[in-house]
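Participant: Input model-v2.tsv, format and content: TSV, C-alpha atoms.
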chain	number	residue	atom	x	y	z
A	1	MET	CA	-9.10	2.05	-34.96
A	2	ASN	CA	-11.67	1.39	-37.66
A	3	SER	CA	-14.92	1.35	-35.70
A	4	LEU	CA	-16.54	1.82	-32.32
A	5	ASP	CA	-17.20	-1.92	-32.28
A	6	GLN	CA	-13.47	-2.59	-32.53
A	7	ILE	CA	-12.89	-0.37	-29.51
A	8	ARG	CA	-15.70	-2.08	-27.60
A	9	THR	CA	-14.10	-5.46	-28.24
A	10	LEU	CA	-10.75	-4.24	-26.94
A	11	CYS	CA	-12.38	-2.73	-23.86
A	12	ALA	CA	-14.53	-5.73	-23.04
A	13	SER	CA	-11.66	-7.95	-21.86
A	14	PRO	CA	-8.95	-5.77	-20.34
A	15	LEU	CA	-5.59	-7.45	-19.80
A	16	PRO	CA	-5.05	-8.45	-16.15
A	17	GLY	CA	-2.20	-7.27	-14.02
A	18	ASP	CA	0.69	-9.48	-12.95
A	19	ASP	CA	-0.38	-11.04	-9.65
A	20	THR	CA	2.95	-12.82	-9.25
A	21	ALA	CA	4.90	-9.56	-9.36
A	22	ALA	CA	2.49	-7.91	-6.93
A	23	ALA	CA	2.76	-10.85	-4.50
A	24	ALA	CA	6.56	-10.72	-4.62
A	25	ILE	CA	6.47	-7.01	-3.83
A	26	ALA	CA	4.14	-7.62	-0.89
A	27	ALA	CA	6.46	-10.35	0.39
A	28	ARG	CA	9.45	-8.01	0.26
A	29	GLN	CA	7.49	-5.25	1.98
A	30	ALA	CA	6.79	-7.65	4.84
A	31	GLN	CA	10.54	-8.11	5.37
A	32	LEU	CA	11.58	-4.46	5.30
A	33	THR	CA	12.68	-2.72	8.50
A	34	LYS	CA	9.34	-1.18	9.47
A	35	PRO	CA	6.13	-2.25	11.14
A	36	PRO	CA	3.75	-3.95	8.68
A	37	GLY	CA	1.81	-1.42	6.62
A	38	SER	CA	3.51	1.55	8.28
A	39	LEU	CA	4.30	3.24	4.97
A	40	GLY	CA	0.60	3.23	4.11
A	41	ARG	CA	-0.18	3.95	0.49
A	42	LEU	CA	3.48	4.02	-0.45
A	43	GLU	CA	3.45	0.25	-0.06
A	44	GLU	CA	0.30	-0.04	-2.15
A	45	LEU	CA	1.80	2.17	-4.85
A	46	ALA	CA	4.89	0.00	-5.17
A	47	ALA	CA	2.70	-3.09	-5.59
A	48	TRP	CA	0.44	-1.28	-8.09
A	49	LEU	CA	3.38	-0.24	-10.23
A	50	GLY	CA	4.83	-3.75	-10.15
A	51	ARG	CA	1.49	-5.36	-11.00
A	52	TRP	CA	1.06	-3.30	-14.15
A	53	GLN	CA	4.70	-3.19	-15.21
A	54	GLY	CA	5.02	-6.93	-14.59
A	55	ARG	CA	8.16	-6.42	-12.50
A	56	GLU	CA	9.04	-7.51	-8.98
A	57	MET	CA	11.28	-4.44	-8.80
A	58	PRO	CA	9.37	-1.66	-10.59
A	59	ARG	CA	11.15	1.16	-12.40
A	60	LEU	CA	10.41	4.78	-13.22
A	61	ASP	CA	13.16	5.42	-15.74
A	62	ARG	CA	10.81	6.42	-18.55
A	63	VAL	CA	8.00	8.61	-17.26
A	64	ALA	CA	5.98	10.40	-19.93
A	65	VAL	CA	3.45	13.22	-19.75
A	66	LEU	CA	0.98	13.43	-22.63
A	67	VAL	CA	-1.22	16.53	-22.89
A	68	PHE	CA	-3.91	16.54	-25.58
A	69	ALA	CA	-5.52	19.77	-26.77
A	70	GLY	CA	-8.81	20.34	-28.56
A	71	ASN	CA	-11.46	22.98	-29.16
A	72	HIS	CA	-15.20	22.84	-28.51
A	73	GLY	CA	-18.16	24.24	-30.41
A	74	VAL	CA	-20.17	24.65	-27.22
A	75	VAL	CA	-17.90	27.62	-26.34
A	76	ALA	CA	-20.13	29.73	-28.62
A	77	ARG	CA	-22.83	29.44	-25.96
A	78	GLY	CA	-20.82	31.52	-23.51
A	79	VAL	CA	-19.84	28.68	-21.19
A	80	SER	CA	-16.28	29.98	-20.69
A	81	PRO	CA	-14.85	33.43	-19.94
A	82	PHE	CA	-12.06	32.74	-22.47
A	83	PRO	CA	-12.32	32.47	-26.27
A	84	ALA	CA	-11.41	29.25	-28.04
A	85	SER	CA	-8.27	30.94	-29.41
A	86	VAL	CA	-6.69	30.56	-25.96
A	87	THR	CA	-6.29	26.82	-26.54
A	88	ALA	CA	-3.77	27.36	-29.34
A	89	GLN	CA	-2.11	30.16	-27.39
A	90	MET	CA	-1.57	27.84	-24.45
A	91	VAL	CA	-0.21	25.11	-26.71
A	92	ALA	CA	2.34	27.66	-27.91
A	93	ASN	CA	3.14	28.46	-24.28
A	94	PHE	CA	3.73	24.77	-23.60
A	95	ALA	CA	6.09	24.63	-26.57
A	96	ALA	CA	7.98	27.66	-25.25
A	97	GLY	CA	8.34	26.08	-21.80
A	98	GLY	CA	6.29	28.73	-20.03
A	99	ALA	CA	3.45	26.74	-18.49
A	100	ALA	CA	3.10	25.08	-15.11
A	101	ILE	CA	3.26	21.65	-16.70
A	102	ASN	CA	6.72	22.41	-18.12
A	103	GLN	CA	8.05	23.14	-14.64
A	104	LEU	CA	6.34	20.17	-13.02
A	105	ALA	CA	7.52	17.74	-15.69
A	106	ALA	CA	11.09	18.90	-15.10
A	107	VAL	CA	10.72	18.38	-11.33
A	108	ALA	CA	9.22	14.93	-11.91
A	109	GLY	CA	11.95	13.84	-14.31
A	110	ALA	CA	9.37	13.24	-17.01
A	111	SER	CA	9.27	13.84	-20.74
A	112	LEU	CA	6.48	16.12	-21.98
A	113	GLN	CA	4.62	15.84	-25.27
A	114	VAL	CA	1.74	18.15	-26.18
A	115	VAL	CA	-0.55	16.93	-28.96
A	116	PRO	CA	-2.86	19.54	-30.56
A	117	LEU	CA	-5.84	17.97	-32.30
A	118	GLU	CA	-7.28	20.04	-35.16
A	119	LEU	CA	-7.54	23.20	-33.07
A	120	GLU	CA	-8.72	25.10	-36.14
A	121	HIS	CA	-11.78	22.80	-36.30
A	122	PRO	CA	-13.78	22.88	-33.04
A	123	THR	CA	-16.18	20.06	-32.34
A	124	ALA	CA	-19.84	20.59	-33.13
A	125	ASP	CA	-22.10	22.16	-30.52
A	126	LEU	CA	-22.98	19.17	-28.34
A	127	CYS	CA	-26.40	20.70	-27.61
A	128	THR	CA	-27.57	20.36	-31.20
A	129	ALA	CA	-25.46	17.59	-32.75
A	130	PRO	CA	-22.95	14.91	-31.84
A	131	ALA	CA	-19.73	16.68	-30.93
A	132	MET	CA	-17.83	14.44	-33.34
A	133	THR	CA	-18.71	12.24	-36.26
A	134	GLU	CA	-17.64	8.64	-35.82
A	135	ALA	CA	-14.69	9.27	-38.14
A	136	GLU	CA	-13.59	12.31	-36.13
A	137	PHE	CA	-13.89	10.43	-32.86
A	138	LEU	CA	-11.92	7.48	-34.19
A	139	ALA	CA	-9.17	9.76	-35.51
A	140	ALA	CA	-8.78	11.49	-32.13
A	141	PHE	CA	-9.00	8.20	-30.22
A	142	THR	CA	-6.33	6.69	-32.47
A	143	ALA	CA	-4.07	9.72	-32.06
A	144	GLY	CA	-4.16	9.16	-28.31
A	145	HIS	CA	-3.77	5.40	-28.60
A	146	ASP	CA	-0.76	5.68	-30.90
A	147	ALA	CA	0.97	8.29	-28.73
A	148	VAL	CA	1.62	5.69	-26.02
A	149	ALA	CA	4.97	3.96	-26.39
A	150	PRO	CA	5.07	0.36	-25.06
A	151	GLU	CA	8.37	1.02	-23.28
A	152	MET	CA	6.93	3.68	-20.97
A	153	ASP	CA	7.22	2.92	-17.25
A	154	LEU	CA	4.50	5.39	-16.28
A	155	LEU	CA	2.10	7.61	-18.21
A	156	CYS	CA	0.69	10.90	-16.91
A	157	LEU	CA	-2.31	12.21	-18.84
A	158	GLY	CA	-3.64	15.75	-19.14
A	159	GLU	CA	-5.62	18.06	-21.40
A	160	MET	CA	-6.06	21.61	-22.61
A	161	GLY	CA	-9.21	22.92	-24.24
A	162	ILE	CA	-11.34	25.97	-23.62
A	163	GLY	CA	-14.85	24.72	-22.88
A	164	ASN	CA	-13.83	21.20	-21.96
A	165	THR	CA	-15.13	21.31	-18.38
A	166	THR	CA	-18.58	21.63	-20.00
A	167	ALA	CA	-17.87	18.58	-22.13
A	168	GLY	CA	-16.41	16.70	-19.17
A	169	ALA	CA	-19.40	17.49	-16.97
A	170	ALA	CA	-21.81	16.42	-19.70
A	171	LEU	CA	-19.93	13.15	-20.13
A	172	ALA	CA	-19.94	12.50	-16.37
A	173	ALA	CA	-23.67	13.22	-16.28
A	174	ALA	CA	-24.32	10.77	-19.11
A	175	LEU	CA	-22.21	8.02	-17.54
A	176	PHE	CA	-23.28	8.35	-13.92
A	177	GLY	CA	-26.45	10.43	-13.56
A	178	ALA	CA	-26.93	12.62	-10.52
A	179	ASP	CA	-28.74	10.78	-7.71
A	180	GLY	CA	-32.11	12.34	-8.39
A	181	ALA	CA	-30.82	15.93	-8.58
A	182	ALA	CA	-33.19	18.35	-10.25
A	183	SER	CA	-30.57	19.22	-12.85
A	184	LEU	CA	-27.68	17.17	-14.14
A	185	GLY	CA	-25.94	20.39	-15.09
A	186	ALA	CA	-26.23	21.78	-11.58
A	187	PHE	CA	-24.86	18.56	-10.08
A	188	TRP	CA	-21.81	18.23	-12.32
A	189	ALA	CA	-20.87	21.66	-13.69
A	190	GLY	CA	-18.57	24.11	-11.94
A	191	ARG	CA	-16.92	27.39	-12.85
A	192	GLY	CA	-14.09	25.88	-14.89
A	193	THR	CA	-11.68	28.68	-15.76
A	194	GLY	CA	-13.68	31.16	-13.70
A	195	VAL	CA	-17.00	31.72	-15.41
A	196	ASP	CA	-19.35	34.18	-13.68
A	197	ASP	CA	-22.84	33.37	-12.37
A	198	ALA	CA	-24.53	34.03	-15.70
A	199	GLY	CA	-21.97	31.91	-17.49
A	200	LEU	CA	-22.40	29.12	-14.97
A	201	ARG	CA	-26.15	29.13	-15.65
A	202	ARG	CA	-25.49	28.91	-19.39
A	203	LYS	CA	-23.05	26.07	-18.79
A	204	ARG	CA	-25.52	24.08	-16.71
A	205	GLU	CA	-28.32	24.72	-19.19
A	206	ALA	CA	-26.09	23.55	-22.04
A	207	ILE	CA	-25.41	20.27	-20.24
A	208	ASP	CA	-29.09	19.64	-19.54
A	209	THR	CA	-29.95	20.50	-23.15
A	210	ALA	CA	-27.27	18.15	-24.48
A	211	ILE	CA	-28.37	15.24	-22.29
A	212	ALA	CA	-31.96	15.69	-23.40
A	213	PHE	CA	-31.02	16.07	-27.07
A	214	HIS	CA	-28.94	12.88	-27.29
A	215	GLY	CA	-31.29	10.85	-25.12
A	216	ALA	CA	-31.05	7.08	-25.10
A	217	ALA	CA	-27.94	7.05	-27.31
A	218	LEU	CA	-25.95	8.08	-24.25
A	219	GLY	CA	-26.54	4.65	-22.71
A	220	ASP	CA	-23.53	3.46	-24.71
A	221	PRO	CA	-20.38	4.84	-23.01
A	222	LEU	CA	-18.52	5.18	-26.32
A	223	GLU	CA	-21.44	6.99	-27.91
A	224	ALA	CA	-21.53	9.28	-24.89
A	225	ALA	CA	-17.82	10.00	-25.39
A	226	ARG	CA	-18.36	10.72	-29.08
A	227	ARG	CA	-21.46	12.83	-28.71
A	228	LEU	CA	-20.48	14.87	-25.64
A	229	GLY	CA	-16.69	14.90	-25.49
A	230	GLY	CA	-13.93	16.57	-27.45
A	231	ARG	CA	-10.99	15.47	-29.50
A	232	GLU	CA	-8.74	15.75	-26.47
A	233	THR	CA	-11.03	13.62	-24.30
A	234	ALA	CA	-11.27	11.00	-27.06
A	235	ALA	CA	-7.47	10.98	-27.25
A	236	ILE	CA	-7.18	10.51	-23.47
A	237	LEU	CA	-9.58	7.58	-23.72
A	238	GLY	CA	-7.45	6.06	-26.48
A	239	ALA	CA	-4.23	6.62	-24.56
A	240	THR	CA	-5.64	5.07	-21.41
A	241	LEU	CA	-6.74	1.96	-23.31
A	242	ALA	CA	-3.37	1.70	-25.07
A	243	ALA	CA	-1.60	1.91	-21.73
A	244	ARG	CA	-3.61	-1.08	-20.50
A	245	ARG	CA	-2.71	-3.04	-23.63
A	246	HIS	CA	0.99	-2.19	-23.16
A	247	ARG	CA	0.89	-2.77	-19.37
A	248	VAL	CA	1.80	0.84	-18.61
A	249	PRO	CA	0.40	2.24	-15.34
A	250	VAL	CA	-1.41	5.57	-15.67
A	251	LEU	CA	-1.80	8.69	-13.55
A	252	LEU	CA	-4.97	10.57	-14.45
A	253	ASP	CA	-5.16	14.31	-13.88
A	254	GLY	CA	-8.29	16.20	-12.80
A	255	PHE	CA	-11.98	16.36	-13.64
A	256	VAL	CA	-11.86	16.44	-17.44
A	257	CYS	CA	-9.16	13.78	-17.65
A	258	THR	CA	-11.02	11.49	-15.25
A	259	ALA	CA	-14.28	11.93	-17.16
A	260	ALA	CA	-12.47	11.20	-20.42
A	261	ALA	CA	-11.14	7.86	-19.14
A	262	ALA	CA	-14.31	6.90	-17.23
A	263	PRO	CA	-15.99	5.04	-20.13
A	264	LEU	CA	-13.41	2.27	-19.67
A	265	ALA	CA	-14.79	1.65	-16.18
A	266	ARG	CA	-18.31	1.43	-17.59
A	267	LEU	CA	-17.34	-0.88	-20.45
A	268	ALA	CA	-15.66	-3.53	-18.29
A	269	ARG	CA	-15.23	-4.30	-14.61
A	270	GLY	CA	-11.74	-3.26	-13.61
A	271	GLY	CA	-11.27	-1.28	-16.81
A	272	LEU	CA	-9.40	1.44	-14.92
A	273	ASP	CA	-7.49	-0.75	-12.47
A	274	HIS	CA	-4.24	0.24	-14.16
A	275	ALA	CA	-4.96	3.91	-13.46
A	276	ILE	CA	-4.81	6.09	-10.36
A	277	ILE	CA	-6.45	9.48	-10.02
A	278	ALA	CA	-3.52	11.67	-9.07
A	279	HIS	CA	-5.41	14.43	-7.30
A	280	ALA	CA	-8.86	15.58	-6.30
A	281	SER	CA	-9.47	18.69	-8.37
A	282	ALA	CA	-11.15	21.71	-6.86
A	283	GLU	CA	-13.38	21.75	-9.93
A	284	HIS	CA	-16.99	21.10	-8.96
A	285	GLY	CA	-17.97	17.52	-9.74
A	286	HIS	CA	-14.60	15.84	-9.56
A	287	LYS	CA	-14.96	14.39	-6.09
A	288	ALA	CA	-18.39	13.06	-7.02
A	289	LEU	CA	-16.90	11.45	-10.12
A	290	ILE	CA	-14.08	9.91	-8.08
A	291	GLY	CA	-16.71	8.47	-5.76
A	292	ARG	CA	-18.71	7.01	-8.66
A	293	LEU	CA	-15.55	5.27	-9.85
A	294	GLY	CA	-14.74	3.96	-6.38
A	295	MET	CA	-11.22	5.36	-6.58
A	296	GLN	CA	-9.02	7.25	-4.14
A	297	PRO	CA	-6.89	10.23	-5.24
A	298	LEU	CA	-3.32	10.61	-4.11
A	299	LEU	CA	-3.39	14.37	-3.50
A	300	ASP	CA	-5.89	17.07	-2.62
A	301	LEU	CA	-4.20	20.46	-2.99
A	302	GLY	CA	-7.07	22.58	-4.24
A	303	MET	CA	-5.71	22.51	-7.81
A	304	ARG	CA	-7.89	22.91	-10.91
A	305	LEU	CA	-5.45	23.88	-13.64
A	306	GLY	CA	-5.61	20.82	-15.86
A	307	GLU	CA	-2.81	20.33	-18.42
A	308	GLY	CA	-1.62	17.23	-16.54
A	309	SER	CA	-0.37	19.29	-13.62
A	310	GLY	CA	-1.81	17.17	-10.81
A	311	ALA	CA	-0.81	13.90	-12.46
A	312	THR	CA	2.77	15.06	-12.92
A	313	LEU	CA	2.96	16.43	-9.40
A	314	ALA	CA	2.21	12.94	-8.08
A	315	VAL	CA	5.21	11.34	-9.81
A	316	PRO	CA	7.68	12.17	-6.99
A	317	ILE	CA	5.40	10.32	-4.58
A	318	LEU	CA	5.70	7.22	-6.73
A	319	ARG	CA	9.46	7.69	-6.90
A	320	ALA	CA	9.52	7.85	-3.09
A	321	ALA	CA	7.49	4.64	-2.89
A	322	LEU	CA	9.98	2.83	-5.13
A	323	ALA	CA	12.99	4.28	-3.30
A	324	CYS	CA	11.72	2.81	-0.05
A	325	HIS	CA	10.80	-0.49	-1.66
A	326	ALA	CA	14.14	-0.95	-3.39
A	327	GLY	CA	16.48	0.76	-0.97
A	328	MET	CA	15.36	-0.24	2.51
A	329	ALA	CA	17.12	-3.12	4.23
A	330	THR	CA	15.29	-6.24	5.29
A	331	PHE	CA	15.26	-7.22	8.95
A	332	ALA	CA	17.82	-9.94	8.20
A	333	GLN	CA	20.13	-7.59	6.30
A	334	ALA	CA	20.04	-4.96	9.04
A	335	GLY	CA	20.28	-7.42	11.91
A	336	VAL	CA	17.06	-6.07	13.40
A	337	SER	CA	14.81	-8.38	15.40
A	338	THR	CA	11.29	-8.96	14.17
A	339	ALA	CA	8.18	-9.09	16.31
A	340	GLY	CA	8.34	-12.89	16.19
A	341	ASP	CA	11.81	-12.82	17.75
A	342	ALA	CA	10.64	-11.11	20.93
Show how you would write the structure in this file as structure tokens.
Facilitator:
Amino acid sequence: MNSLDQIRTLCASPLPGDDTAAAAIAARQAQLTKPPGSLGRLEELAAWLGRWQGREMPRLDRVAVLVFAGNHGVVARGVSPFPASVTAQMVANFAAGGAAINQLAAVAGASLQVVPLELEHPTADLCTAPAMTEAEFLAAFTAGHDAVAPEMDLLCLGEMGIGNTTAGAALAAALFGADGAASLGAFWAGRGTGVDDAGLRRKREAIDTAIAFHGAALGDPLEAARRLGGRETAAILGATLAARRHRVPVLLDGFVCTAAAAPLARLARGGLDHAIIAHASAEHGHKALIGRLGMQPLLDLGMRLGEGSGATLAVPILRAALACHAGMATFAQAGVSTAGDA
């Protein structure tokens, strides 16, 4: 990507889903041996997968988990109980197979790729400068965009980055405000990795300071992502857009991941229709963000780990939806009377 304007152009007219495939799936669901709608969201999930894959019989043969990692200059303000060095340490843990996401990806039958993004160069302090120059933002966005293979059947997105709940909360505040709350920071910011009361105050103050510092520039969703986000959130944004262009359905993880992708919803109506929020994070602000986006999470298990854990955990639910869709008999095949036969 060469400019923010190029990204805006791509975002302005998102590719539509395949209505024909979705209609065929709905027609098959109506013939399966069950009362209409009795499998609830499982039926909706099968149609959603088919719509974005462009297949009347969706597949989940190639499920990929992408986790992007970045560091944040705002950590110097004491917004996290952990130092920025933990980001690289956790990336090493991913590589060694010792993290939760390694175990969940194995259970889900998904490949896992972790992409560290210049961990030795944290973003600038978002309270006093744009977090990234335009060139830095474009490089991170492009890294995410190019990590998405067109042949993927499903993409799960996640992140790792000490301090990134501060960046995510600031981005959510810039995109959606806070319904007249006295403080944007107080509305959106939570404890992240477990910051104490004093740290939480610093975190909320940092968000309010950043919003005030950047001012009217935040009215542009891409500028908000550049000025307030991190390399990992820019990469998630790029990956989510690439998935739309390649017709790959997406599972978004928790608060930071949702905030990272949210500019697409602000840049075009339906910009996130190819994505589902996999779970409602316990992190303060996520449920409010889900509400702003008008979306419905699949799971609510009190998780707040990040690293794509909630997104990957939802994959078996999608596999169950497809197993029912593909494997159940129709009324005619099973010799079962329908309601109209009574």
Participant: So that I can see what lies close to stretch 269-286 of chain A, please list as a VMD selection string the residues with an atom at most 8 Å from it, counting all atoms listed in the file and leaving out residues fewer than 4 positions away in the same chain.
Facilitator: chain A and resid 11 14 17 48 52 169 187 to 192 244 247 to 255 258 261 to 262 264 to 265 290 295 to 304 310 to 311 314
Participant: Ranking A:Ala321, A:Leu155, A:Lys287, A:His121 by minimum distance to A:His72 and counting only C-alpha atoms, which one comes first?
Facilitator: A:His121
Participant: Nearest residue to A:Thr33 out of A:Arg226, A:Arg266, A:His325, A:Arg204, using only C-alpha atoms?
Facilitator: A:His325
Participant: With 10 Å as the cut-off and all atoms listed in the file counted, what is the closest atom pair between each nearby residue of stretch 176-264 of chain A and stretch 101-120 of chain A? Distances in Å to one decimal, ordered by chain and number, as a tab-separated table.
Facilitator:
residue	atom	partner	partner_atom	distance
A:Gly230	CA	A:Leu117	CA	9.5
A:Arg231	CA	A:Leu117	CA	6.4
A:Glu232	CA	A:Leu117	CA	6.9
A:Ala235	CA	A:Leu117	CA	8.8
Participant: Compare A:Glu44, A:Glu205, A:Asp125, A:Glu136 by their minimum atom-to-atom distance to A:Ala76, counting all atoms listed in the file, and give me the closest one.
Facilitator: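 Closest to A:Ala76, using all atoms listed in the file: A:Asp125.
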Participant: Give me, as a VMD selection string, all polymer residues having an atom no more than 10 Å from A:Gly215, counting all atoms listed in the file and skipping those fewer than 5 positions away in the same chain.
Facilitator: chain A and resid 174 209 to 210 224
Participant: Between atom CA of A:Thr312 and atom CA of A:Asp18, what is the distance, to one decimal in Å?
Facilitator: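 Between atom CA of A:Thr312 and atom CA of A:Asp18 the gap is 24.6 Å.
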Participant: Using only C-alpha atoms, can you tell me which of A:Phe82, A:Phe176, A:Phe213, A:Phe137 comes closest to A:Ala225?
Facilitator: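 Nearest to A:Ala225: A:Phe137.
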Participant: Measuring between all atoms listed in the file, which one of A:Ser13, A:Ser38, A:Asn93, A:Asn2 shows the shortest distance to A:Ala135?
Facilitator: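 Residue with the minimum atom-to-atom distance to A:Ala135: A:Asn2.
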Participant: Quick check, in Å to one decimal: how far apart do atom CA of A:Ala186 and atom CA of A:Pro221 lie?
Facilitator: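 That distance, rounded to one decimal, is 21.3 Å.
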Participant: Closest to A:Ala27 among A:Gly177, A:Met1, A:Glu43, A:Glu223, using only C-alpha atoms?
Facilitator: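 The shortest atom-to-atom distance to A:Ala27 comes from A:Glu43.
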Participant: Take atom CA of A:Ala22 and atom CA of A:Pro36 and report the distance between them in Å, one decimal.
Facilitator: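 Value for the atom CA of A:Ala22-atom CA of A:Pro36 distance: 16.2 Å.
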